[in-house]
>>> print(open('my_file_27.cif').read())   # mmCIF, C-alpha atoms
data_start
#
loop_
_atom_site.label_atom_id
_atom_site.label_comp_id
_atom_site.auth_asym_id
_atom_site.auth_seq_id
_atom_site.Cartn_x
_atom_site.Cartn_y
_atom_site.Cartn_z
CA MET A 1 137.91 166.99 123.89
CA ALA A 2 138.92 170.47 122.86
CA ALA A 3 140.34 171.54 126.21
CA PRO A 4 143.24 169.59 127.62
CA GLY A 5 142.19 166.87 130.02
CA THR A 6 141.96 167.63 133.73
CA LYS A 7 144.84 165.30 134.38
CA GLN A 8 147.01 167.22 131.94
CA VAL A 9 145.96 170.50 133.49
CA LEU A 10 146.77 169.30 136.97
CA LEU A 11 150.12 167.87 135.94
CA SER A 12 151.13 171.05 134.10
CA LEU A 13 150.08 173.16 137.08
CA ILE A 14 152.10 171.00 139.41
CA GLU A 15 155.11 171.36 137.14
CA ASP A 16 154.63 175.11 137.10
CA VAL A 17 154.46 175.19 140.84
CA GLU A 18 157.57 173.09 141.00
CA ILE A 19 159.41 175.52 138.73
CA ILE A 20 158.22 178.52 140.70
CA THR A 21 159.24 177.05 144.04
CA LYS A 22 162.61 176.13 142.59
CA GLU A 23 163.11 179.71 141.38
CA LEU A 24 161.96 181.02 144.72
CA PHE A 25 164.45 178.87 146.53
CA GLU A 26 167.20 179.96 144.16
CA LEU A 27 166.27 183.53 144.67
CA MET A 28 166.22 183.07 148.43
CA SER A 29 169.61 181.45 148.28
CA ALA A 30 170.82 184.08 145.81
CA LYS A 31 169.57 186.88 148.04
CA LYS A 32 172.09 186.00 150.68
CA THR A 33 175.02 186.50 148.26
CA GLU A 34 173.69 189.52 146.30
CA THR A 35 172.21 192.83 147.53
CA SER A 36 170.12 193.99 144.51
CA THR A 37 166.51 195.23 144.54
CA GLU A 38 165.38 192.85 141.82
CA PRO A 39 165.00 189.78 143.95
CA VAL A 40 162.47 191.55 146.19
CA ALA A 41 160.19 192.34 143.32
CA ASP A 42 160.77 188.93 141.82
CA THR A 43 160.04 187.26 145.13
CA GLY A 44 156.75 189.09 145.39
CA GLN A 45 155.88 188.26 141.81
CA LEU A 46 156.86 184.71 142.31
CA MET A 47 154.79 184.50 145.48
CA GLU A 48 151.78 185.90 143.66
CA LEU A 49 152.41 183.49 140.82
CA LEU A 50 152.65 180.70 143.33
CA LEU A 51 149.40 181.68 144.96
CA LYS A 52 147.72 181.92 141.59
CA LYS A 53 148.96 178.49 140.58
CA ASP A 54 147.77 177.13 143.91
CA ALA A 55 144.29 178.55 143.27
CA GLU A 56 144.33 177.01 139.81
CA ILE A 57 145.34 173.69 141.32
CA GLN A 58 142.44 173.87 143.77
CA ALA A 59 140.03 174.67 140.96
CA ALA A 60 141.40 171.83 138.87
CA LEU A 61 141.05 169.45 141.80
CA LYS A 62 137.46 170.52 142.26
CA THR A 63 136.68 169.86 138.61
CA ALA A 64 138.43 166.53 138.96
CA THR A 65 136.15 165.47 141.83
CA GLU A 66 133.10 166.62 139.91
CA GLN A 67 134.23 164.68 136.93
CA GLY A 68 134.78 161.67 139.13
CA GLU A 69 131.17 161.81 140.30
CA VAL A 70 129.94 162.19 136.79
CA GLN A 71 132.05 159.23 135.80
CA LYS A 72 130.40 157.13 138.52
CA LYS A 73 126.98 158.08 137.18
CA ILE A 74 128.12 157.16 133.72
CA GLU A 75 129.23 153.75 134.91
CA ALA A 76 125.97 153.16 136.71
CA LEU A 77 124.06 154.07 133.60
CA GLN A 78 126.30 151.86 131.52
CA VAL A 79 125.41 148.95 133.78
CA GLU A 80 121.75 149.71 133.26
CA VAL A 81 122.25 149.90 129.52
CA ASP A 82 124.02 146.54 129.52
CA ARG A 83 121.19 144.97 131.46
CA ARG A 84 118.63 146.30 129.03
CA ASP A 85 120.72 145.03 126.12
CA ALA A 86 120.76 141.55 127.64
CA ASP A 87 116.98 141.69 128.05
CA ILE A 88 116.53 142.69 124.46
CA LEU A 89 118.75 139.86 123.25
CA GLN A 90 116.77 137.38 125.31
CA LEU A 91 113.50 138.65 123.90
CA GLN A 92 114.92 138.44 120.41
CA LYS A 93 115.86 134.81 120.96
CA ASN A 94 112.41 134.00 122.26
CA LEU A 95 110.79 135.75 119.34
CA LYS A 96 112.93 133.83 116.88
CA GLU A 97 112.10 130.50 118.50
CA ALA A 98 108.41 131.30 118.51
CA GLU A 99 108.58 132.30 114.89
CA THR A 100 110.25 129.06 113.83
CA ILE A 101 107.77 126.97 115.80
CA LEU A 102 104.84 128.80 114.27
CA ALA A 103 106.31 128.54 110.81
CA THR A 104 106.68 124.76 111.09
CA ALA A 105 103.19 124.48 112.51
CA ILE A 106 101.74 126.48 109.65
CA TYR A 107 103.69 124.46 107.11
CA GLN A 108 102.46 121.16 108.50
CA ALA A 109 98.91 122.48 108.68
CA LYS A 110 99.11 123.55 105.06
CA GLN A 111 100.36 120.11 104.09
CA LYS A 112 97.48 118.51 105.93
CA LEU A 113 95.03 120.82 104.21
CA THR A 114 96.34 119.98 100.77
CA SER A 115 96.18 116.27 101.49
CA ILE A 116 92.63 116.65 102.82
CA LYS A 117 91.65 118.54 99.70
CA GLN A 118 93.25 115.89 97.54
CA ALA A 119 91.47 113.12 99.40
CA ASN A 120 88.14 114.89 99.12
CA GLN A 121 88.58 115.38 95.41
CA LYS A 122 89.07 111.71 94.79
CA SER A 123 86.70 110.32 97.37
CA ILE A 124 85.04 107.14 96.24
CA PRO A 125 82.10 105.73 98.16
CA SER A 126 83.07 102.56 99.96
CA GLU A 127 80.00 100.83 98.57
CA GLU A 128 81.29 101.33 95.05
CA LEU A 129 84.73 100.07 96.01
CA ILE A 130 83.28 96.93 97.51
CA LYS A 131 81.11 96.33 94.46
CA TYR A 132 84.06 96.73 92.15
CA ALA A 133 86.26 94.51 94.29
CA HIS A 134 83.57 91.86 94.23
CA LYS A 135 83.22 92.17 90.48
CA ILE A 136 86.86 91.65 89.70
CA SER A 137 87.37 88.95 92.31
CA SER A 138 84.31 86.83 91.64
CA SER A 139 85.19 86.50 87.98
CA HIS A 140 88.71 85.34 88.97
CA ALA A 141 90.23 88.22 87.07
CA VAL A 142 92.79 89.10 89.76
CA ALA A 143 93.04 85.97 91.90
CA ALA A 144 93.06 82.46 90.55
CA PRO A 145 90.29 80.07 91.55
CA ASN A 146 91.38 77.63 94.22
CA THR A 147 90.86 74.70 91.89
CA TRP A 148 93.01 76.04 89.11
CA GLN A 149 95.41 73.52 87.58
CA PRO A 150 97.82 73.89 84.70
CA GLY A 151 95.85 73.07 81.61
CA ASP A 152 92.89 75.13 82.77
CA PRO A 153 92.20 77.59 79.96
CA ARG A 154 91.15 80.40 82.30
CA ARG A 155 93.54 83.33 82.43
CA PRO A 156 93.85 86.68 84.21
CA TYR A 157 93.48 88.43 80.87
CA PRO A 158 91.03 88.12 77.99
CA THR A 159 92.10 85.07 76.01
CA GLU A 160 92.00 84.73 72.27
CA LEU A 161 88.61 83.12 72.49
CA ASP A 162 87.30 85.98 74.60
CA MET A 163 88.63 88.48 72.14
CA ARG A 164 86.99 86.73 69.21
CA MET A 165 83.68 86.51 71.00
CA GLY A 166 83.82 90.02 72.25
CA PHE A 167 82.56 93.19 70.66
CA LEU A 168 85.73 94.07 68.78
CA GLY A 169 86.19 90.63 67.39
CA ARG A 170 82.77 90.57 65.75
CA LEU A 171 82.56 94.16 64.59
CA ASN A 172 83.44 93.32 61.03
CA ASN A 173 81.37 90.19 60.72
CA PRO A 174 78.59 90.52 58.17
CA ASN A 175 76.25 88.51 60.38
CA PHE A 176 76.81 90.86 63.28
CA GLN A 177 73.44 90.88 64.96
CA SER A 178 71.96 93.16 67.55
CA GLN A 179 73.04 90.99 70.43
CA PRO A 180 76.75 90.57 70.08
CA GLY A 181 79.14 89.90 72.89
CA LEU A 182 76.48 89.01 75.42
CA GLY A 183 77.74 85.49 75.74
CA ALA A 184 74.38 84.02 74.79
CA ASP A 185 75.74 83.20 71.38
CA PRO A 186 74.88 79.73 70.19
CA GLN A 187 77.21 79.90 67.20
CA LEU A 188 80.45 79.37 69.06
CA SER A 189 80.92 76.24 71.07
CA ARG A 190 82.45 76.80 74.42
CA GLN A 191 83.96 74.57 77.03
CA PRO A 192 82.17 74.45 80.36
CA GLY A 193 85.18 76.01 82.05
CA GLN A 194 84.57 79.25 80.26
CA LEU A 195 80.88 79.43 80.87
CA ASP A 196 81.21 81.62 83.89
CA HIS A 197 84.02 83.53 82.20
CA THR A 198 82.38 85.12 79.19
CA PRO A 199 79.03 86.39 80.48
CA SER A 200 80.79 88.32 83.22
CA HIS A 201 83.22 89.64 80.63
CA ALA A 202 80.30 91.00 78.66
CA ALA A 203 78.74 92.31 81.83
CA SER A 204 81.60 94.74 82.09
CA MET A 205 80.01 96.62 79.19
CA PRO A 206 76.98 98.36 80.63
CA TRP A 207 75.36 99.51 77.41
CA GLN A 208 73.73 97.52 74.66
CA PRO A 209 74.96 98.40 71.22
CA PRO A 210 72.20 99.84 69.07
CA PRO A 211 70.44 97.58 66.55
CA GLU A 212 71.36 99.80 63.59
CA LEU A 213 74.98 98.81 63.79
CA SER A 214 75.64 98.69 60.08
CA SER A 215 74.83 102.39 59.77
CA SER A 216 76.87 103.31 62.80
CA ILE A 217 79.83 101.40 61.48
CA SER A 218 80.34 104.17 58.95
CA MET A 219 83.16 105.45 61.03
CA THR A 220 84.30 108.98 61.50
CA THR A 221 87.98 109.71 61.16
CA SER A 222 88.36 109.48 64.90
CA ASN A 223 87.71 105.76 64.78
CA GLN A 224 90.08 104.90 62.02
CA ALA A 225 92.82 103.72 64.32
CA ALA A 226 90.39 101.52 66.23
CA MET A 227 89.13 100.05 63.03
CA SER A 228 92.59 99.33 61.74
CA GLU A 229 93.32 97.48 64.99
CA VAL A 230 90.12 95.51 64.69
CA LYS A 231 90.85 94.65 61.09
CA GLY A 232 94.32 93.59 62.05
CA LEU A 233 92.91 91.45 64.82
CA ASN A 234 90.32 89.78 62.64
CA LYS A 235 92.62 89.13 59.74
CA GLU A 236 95.29 87.72 61.96
CA ASN A 237 92.82 85.65 63.89
CA GLU A 238 91.94 83.93 60.67
CA ASP A 239 95.52 83.57 59.53
CA VAL A 240 97.21 82.62 62.72
CA GLU A 241 95.69 79.64 64.42
CA VAL A 242 97.21 79.88 67.85
CA MET A 243 98.48 83.36 68.58
CA SER A 244 98.78 82.82 72.28
CA THR A 245 100.80 80.14 73.96
CA ASP A 246 97.94 79.11 76.18
CA SER A 247 98.88 75.51 75.76
CA SER A 248 99.44 73.23 78.67
CA SER A 249 103.16 72.99 78.01
CA SER A 250 103.73 76.54 79.15
CA SER A 251 101.49 76.08 82.14
CA SER A 252 103.33 72.99 83.28
CA SER A 253 106.57 74.93 83.23
CA ASP A 254 104.94 77.40 85.59
CA GLU A 255 104.34 74.76 88.20
CA SER A 256 107.89 73.44 87.99
CA ARG A 257 109.13 76.84 89.10
CA PRO A 258 107.79 77.50 92.55
CA MET B 259 92.97 108.69 66.67
CA ALA B 260 95.35 111.60 67.15
CA ALA B 261 95.33 112.41 63.45
CA GLY B 262 91.56 112.49 63.52
CA ARG B 263 91.53 114.78 66.50
CA GLY B 264 94.06 117.10 64.92
CA GLN B 265 91.47 118.10 62.35
CA ALA B 266 88.37 120.14 63.02
CA SER B 267 86.47 118.70 66.00
CA VAL B 268 84.29 115.78 65.00
CA VAL B 269 80.82 115.73 66.44
CA GLU B 270 79.86 112.18 67.35
CA THR B 271 76.38 110.96 67.76
CA GLU B 272 75.56 109.24 70.99
CA GLU B 273 75.50 105.88 69.25
CA GLN B 274 78.93 106.44 67.84
CA GLN B 275 80.16 107.44 71.25
CA ARG B 276 78.74 104.26 72.77
CA LEU B 277 80.33 102.18 70.07
CA ARG B 278 83.65 103.88 70.57
CA PHE B 279 83.41 103.37 74.33
CA GLN B 280 82.84 99.65 73.95
CA CYS B 281 85.59 99.28 71.38
CA GLU B 282 88.09 101.09 73.51
CA LEU B 283 87.00 99.25 76.65
CA GLU B 284 87.58 95.91 75.00
CA PHE B 285 90.79 96.95 73.37
CA VAL B 286 92.37 98.36 76.49
CA GLN B 287 91.57 95.16 78.37
CA CYS B 288 93.04 93.06 75.58
CA LEU B 289 96.29 94.81 76.39
CA SER B 290 96.54 92.77 79.58
CA ASN B 291 97.25 89.71 77.47
CA PRO B 292 101.01 89.56 76.98
CA ASN B 293 100.59 87.21 74.03
CA TYR B 294 98.42 89.77 72.31
CA LEU B 295 101.05 92.41 73.01
CA ASN B 296 103.69 90.18 71.45
CA PHE B 297 101.36 89.72 68.47
CA LEU B 298 101.01 93.47 68.04
CA ALA B 299 104.74 94.02 68.43
CA GLN B 300 105.64 91.41 65.83
CA ARG B 301 103.32 92.96 63.29
CA GLY B 302 104.95 96.31 63.79
CA TYR B 303 101.99 98.14 65.28
CA PHE B 304 104.18 99.61 68.00
CA LYS B 305 106.31 101.37 65.42
CA ASP B 306 103.39 103.36 64.09
CA SER B 307 103.42 106.78 65.74
CA LYS B 308 99.63 107.01 65.42
CA PHE B 309 99.29 103.82 67.39
CA VAL B 310 101.69 105.11 70.03
CA ASN B 311 99.61 108.28 70.30
CA TYR B 312 96.50 106.17 70.60
CA LEU B 313 98.07 104.30 73.49
CA LYS B 314 98.79 107.62 75.15
CA TYR B 315 95.19 108.66 74.58
CA LEU B 316 93.98 105.43 76.19
CA LEU B 317 95.53 106.52 79.50
CA TYR B 318 92.18 108.09 80.36
CA TRP B 319 91.07 104.67 81.54
CA LYS B 320 93.16 105.27 84.66
CA GLU B 321 90.62 107.72 86.04
CA PRO B 322 88.28 106.13 88.58
CA ASP B 323 85.18 107.10 86.58
CA TYR B 324 86.38 104.96 83.71
CA ALA B 325 88.41 102.40 85.57
CA LYS B 326 85.32 101.07 87.30
CA TYR B 327 84.26 99.47 84.04
CA LEU B 328 87.44 97.45 83.71
CA LYS B 329 87.19 93.77 84.48
CA TYR B 330 90.91 93.12 84.11
CA PRO B 331 92.64 96.00 85.91
CA GLN B 332 96.08 94.58 85.09
CA CYS B 333 95.65 96.14 81.66
CA LEU B 334 96.31 99.55 83.18
CA HIS B 335 99.73 98.46 84.35
CA PHE B 336 100.56 97.19 80.89
CA LEU B 337 99.22 100.38 79.38
CA GLU B 338 101.59 102.40 81.54
CA LEU B 339 104.50 100.16 80.57
CA LEU B 340 103.59 100.45 76.92
CA GLN B 341 104.19 104.18 77.09
CA TYR B 342 107.90 103.40 77.21
CA GLU B 343 109.56 102.71 73.90
CA HIS B 344 112.00 100.24 75.41
CA PHE B 345 109.16 98.04 76.58
CA ARG B 346 107.53 98.15 73.16
CA LYS B 347 110.79 97.14 71.52
CA GLU B 348 111.35 94.29 73.98
CA LEU B 349 107.92 92.85 73.32
CA VAL B 350 108.94 91.71 69.84
CA ASN B 351 110.76 88.80 71.48
CA ALA B 352 108.57 85.82 72.17
CA GLN B 353 110.64 84.99 75.25
CA CYS B 354 109.85 88.36 76.73
CA ALA B 355 106.15 87.83 76.23
CA LYS B 356 106.37 84.32 77.63
CA PHE B 357 108.25 85.54 80.67
CA ILE B 358 105.62 88.18 81.35
CA ASP B 359 102.89 85.62 80.85
CA ASP B 360 104.52 83.19 83.27
CA GLN B 361 105.01 85.84 85.90
CA GLN B 362 101.47 87.05 85.47
CA LEU B 363 100.09 83.55 85.88
CA LEU B 364 102.25 82.86 88.93
CA HIS B 365 101.13 86.07 90.53
CA TRP B 366 97.53 85.32 89.70
CA GLN B 367 97.79 81.86 91.21
CA HIS B 368 99.57 82.77 94.40
CA TYR B 369 98.16 86.22 95.04
CA GLN B 370 95.54 85.07 97.50
CA ARG B 371 97.94 82.89 99.44
CA LYS B 372 100.57 85.60 99.55
CA ARG B 373 98.10 88.10 100.91
CA ILE B 374 96.92 85.69 103.57
CA LYS B 375 100.50 85.00 104.56
CA LEU B 376 101.27 88.71 104.69
CA LEU B 377 98.24 89.45 106.85
CA GLN B 378 99.12 86.52 109.08
CA ALA B 379 102.68 87.78 109.51
CA GLN B 380 101.39 91.23 110.39
CA ALA B 381 98.93 89.84 112.88
CA ASP B 382 101.70 87.80 114.50
CA LYS B 383 103.93 90.84 114.73
CA VAL B 384 101.20 92.83 116.40
CA GLN B 385 100.55 89.99 118.78
CA ASP B 386 104.22 89.68 119.69
CA ALA B 387 104.58 93.40 120.18
CA GLY B 388 101.46 93.43 122.32
CA GLY B 389 102.63 90.41 124.29
CA GLU B 390 106.10 91.61 125.17
CA PRO B 391 105.34 94.85 127.05
CA LYS B 392 102.84 93.00 129.18
CA GLN B 393 105.55 90.62 130.33
#
>>> encode(input="my_file_27.cif", output="structure tokens")
Amino acid sequence: MAAPGTKQVLLSLIEDVEIITKELFELMSAKKTETSTEPVADTGQLMELLLKKDAEIQAALKTATEQGEVQKKIEALQVEVDRRDADILQLQKNLKEAETILATAIYQAKQKLTSIKQANQKSIPSEELIKYAHKISSSHAVAAPNTWQPGDPRRPYPTELDMRMGFLGRLNNPNFQSQPGLGADPQLSRQPGQLDHTPSHAASMPWQPPPELSSSISMTTSNQAAMSEVKGLNKENEDVEVMSTDSSSSSSSDESRP
Amino acid sequence: MAAGRGQASVVETEEQQRLRFQCELEFVQCLSNPNYLNFLAQRGYFKDSKFVNYLKYLLYWKEPDYAKYLKYPQCLHFLELLQYEHFRKELVNAQCAKFIDDQQLLHWQHYQRKRIKLLQAQADKVQDAGGEPKQ
């Protein structure tokens, strides 16, 4: 505030009045002892000064009351402002809560959508699943037959015999005919236990190899690795008699360990 | 296989493709035989980088369109394991191969019974849980 506060004004005025009244009283008391003309003029001046100061005091008091009323209005408005602030804060809190709830909802919905999309991409008809399950179970490829004993040559993987009778095992044979690997081969003698084994193994290959196999065996470079494996397999099948430990000794050790 | 594919793309006839499909189908299923894996390891096939790349290439059998032709699905598990060099190195030991073979056989033998037991246990649990609140 540029002007001195009303309180200051009032206090200074009161001090002035106090000084003037003091002087007046001194003059009045001095008048009794001295007989000069000055005190009369001074008294008059002092009285006028006193009156003026009194008027100023009244004015200052009036401004003080006005200011008091204004101050009351200010306080009332301040209360209003505080109330509005509280309302705004409350609304802010609600907004924030709503936002978080919506954000989590959206996130979970997005997750669900991605999982739905993923599931739809890889959907397999149940019919196919059942057929496949039947295929691998009926041939005892994943679960042993109930009558399986140690010494039974059946295994959950293609045995050496299977590999020799299969497509790969006979690829390099000169007498490789147009019906290899179909299990209807009279050349190899099989035990009865494997009879159900090999035809279903061949049934896993849906296509018949073409009759002109000798011409198709002229491999491209992309088949060289396969051929080297096959050659390795054939050569070693001739060299090594029993590559796998399918003997009964290993099977009996299985049963001893429950 | 990888070396061949690194060159200009080879156009295969349909017959060659069929042949390759059958070869790879048989080969990948042979991988479910731990004795065969031991055989390959002992002859050093697993040290050939081309063979390792071929094994990586064979991972396409995991897709359902191809996997439905597999009769021995355990081969896929072995294929995944074979991608790790440590497994390939371990397979040189005959004991390792025998251990895997034994475990495989045991699992094969007892799989059905284990599943029945598991289902039975679950059914019992459901029954107990359903029985208690009613009391």
>>> resolve_selection(input="my_file_27.cif", expression="the PyMOL selection byres ((chain A and resi 56) around 12)", output="PyMOL selection string")
chain A and resi 6+9-14+16-17+49-55+57-63
>>> residues_around(input="my_file_27.cif", residues="Arg346 in chain B", least_positions_apart="4", cutoff="8 Å", atoms="only C-alpha atoms", output="MDAnalysis selection string")
chainID B and resid 299 304 340:342 350
>>> write_last_selection(input="my_file_27.cif", atoms="C-alpha atoms", output="mmCIF file, in the frame of the given file")
data_model
loop_
_atom_site.group_PDB
_atom_site.id
_atom_site.type_symbol
_atom_site.label_atom_id
_atom_site.label_comp_id
_atom_site.auth_asym_id
_atom_site.auth_seq_id
_atom_site.Cartn_x
_atom_site.Cartn_y
_atom_site.Cartn_z
ATOM 1 C CA ALA B 299 104.740 94.020 68.430
ATOM 2 C CA PHE B 304 104.180 99.610 68.000
ATOM 3 C CA LEU B 340 103.590 100.450 76.920
ATOM 4 C CA GLN B 341 104.190 104.180 77.090
ATOM 5 C CA TYR B 342 107.900 103.400 77.210
ATOM 6 C CA VAL B 350 108.940 91.710 69.840
#
>>> atom_distance(input="my_file_27.cif", atom1="CA of Pro292 in chain B", atom2="CA of Asp359 in chain B")
5.8 Å
>>> atom_distance(input="my_file_27.cif", atom1="CA of Glu282 in chain B", atom2="CA of Tyr312 in chain B")
10.2 Å
>>> atom_distance(input="my_file_27.cif", atom1="CA of His335 in chain B", atom2="CA of Lys372 in chain B")
19.9 Å
>>> residues_around(input="my_file_27.cif", residues="range 326-331 of chain B", least_positions_apart="2", cutoff="8 Å", atoms="only C-alpha atoms", output="tab-separated table (two decimals) with C-alpha atoms, in the coordinates of the input")
chain	number	residue	atom	x	y	z
A	132	TYR	CA	84.06	96.73	92.15
A	135	LYS	CA	83.22	92.17	90.48
A	136	ILE	CA	86.86	91.65	89.70
A	141	ALA	CA	90.23	88.22	87.07
A	142	VAL	CA	92.79	89.10	89.76
A	156	PRO	CA	93.85	86.68	84.21
A	157	TYR	CA	93.48	88.43	80.87
A	158	PRO	CA	91.03	88.12	77.99
A	201	HIS	CA	83.22	89.64	80.63
A	204	SER	CA	81.60	94.74	82.09
A	205	MET	CA	80.01	96.62	79.19
B	283	LEU	CA	87.00	99.25	76.65
B	287	GLN	CA	91.57	95.16	78.37
B	290	SER	CA	96.54	92.77	79.58
B	322	PRO	CA	88.28	106.13	88.58
B	323	ASP	CA	85.18	107.10	86.58
B	324	TYR	CA	86.38	104.96	83.71
B	333	CYS	CA	95.65	96.14	81.66
B	334	LEU	CA	96.31	99.55	83.18
B	335	HIS	CA	99.73	98.46	84.35
>>> closest_residue(input="my_file_27.cif", among="A:Pro125, A:Gly44, A:Gly68, A:Gly166", to="chain B", atoms="all atoms listed in the file")
A:Gly166
>>> closest_residue(input="my_file_27.cif", among="A:Leu129, A:Ile101, A:Ala64, A:Leu91", to="chain B", atoms="only C-alpha atoms")
A:Leu129
>>> closest_residue(input="my_file_27.cif", among="A:Ala109, A:Met165, A:Leu95, A:Ala103", to="chain B", atoms="only C-alpha atoms")
A:Met165
>>> closest_residue(input="my_file_27.cif", among="B:Leu316, B:Leu363, B:Ile374, B:Leu349", to="chain A", atoms="all atoms listed in the file")
B:Leu363
>>> closest_residue(input="my_file_27.cif", among="B:Glu272, B:Lys305, B:Leu364, B:Glu338", to="chain A", atoms="only C-alpha atoms")
B:Leu364
>>> closest_residue(input="my_file_27.cif", among="B:Asp360, B:Asp382, B:Glu321, B:Glu343", to="chain A", atoms="all atoms listed in the file")
B:Asp360
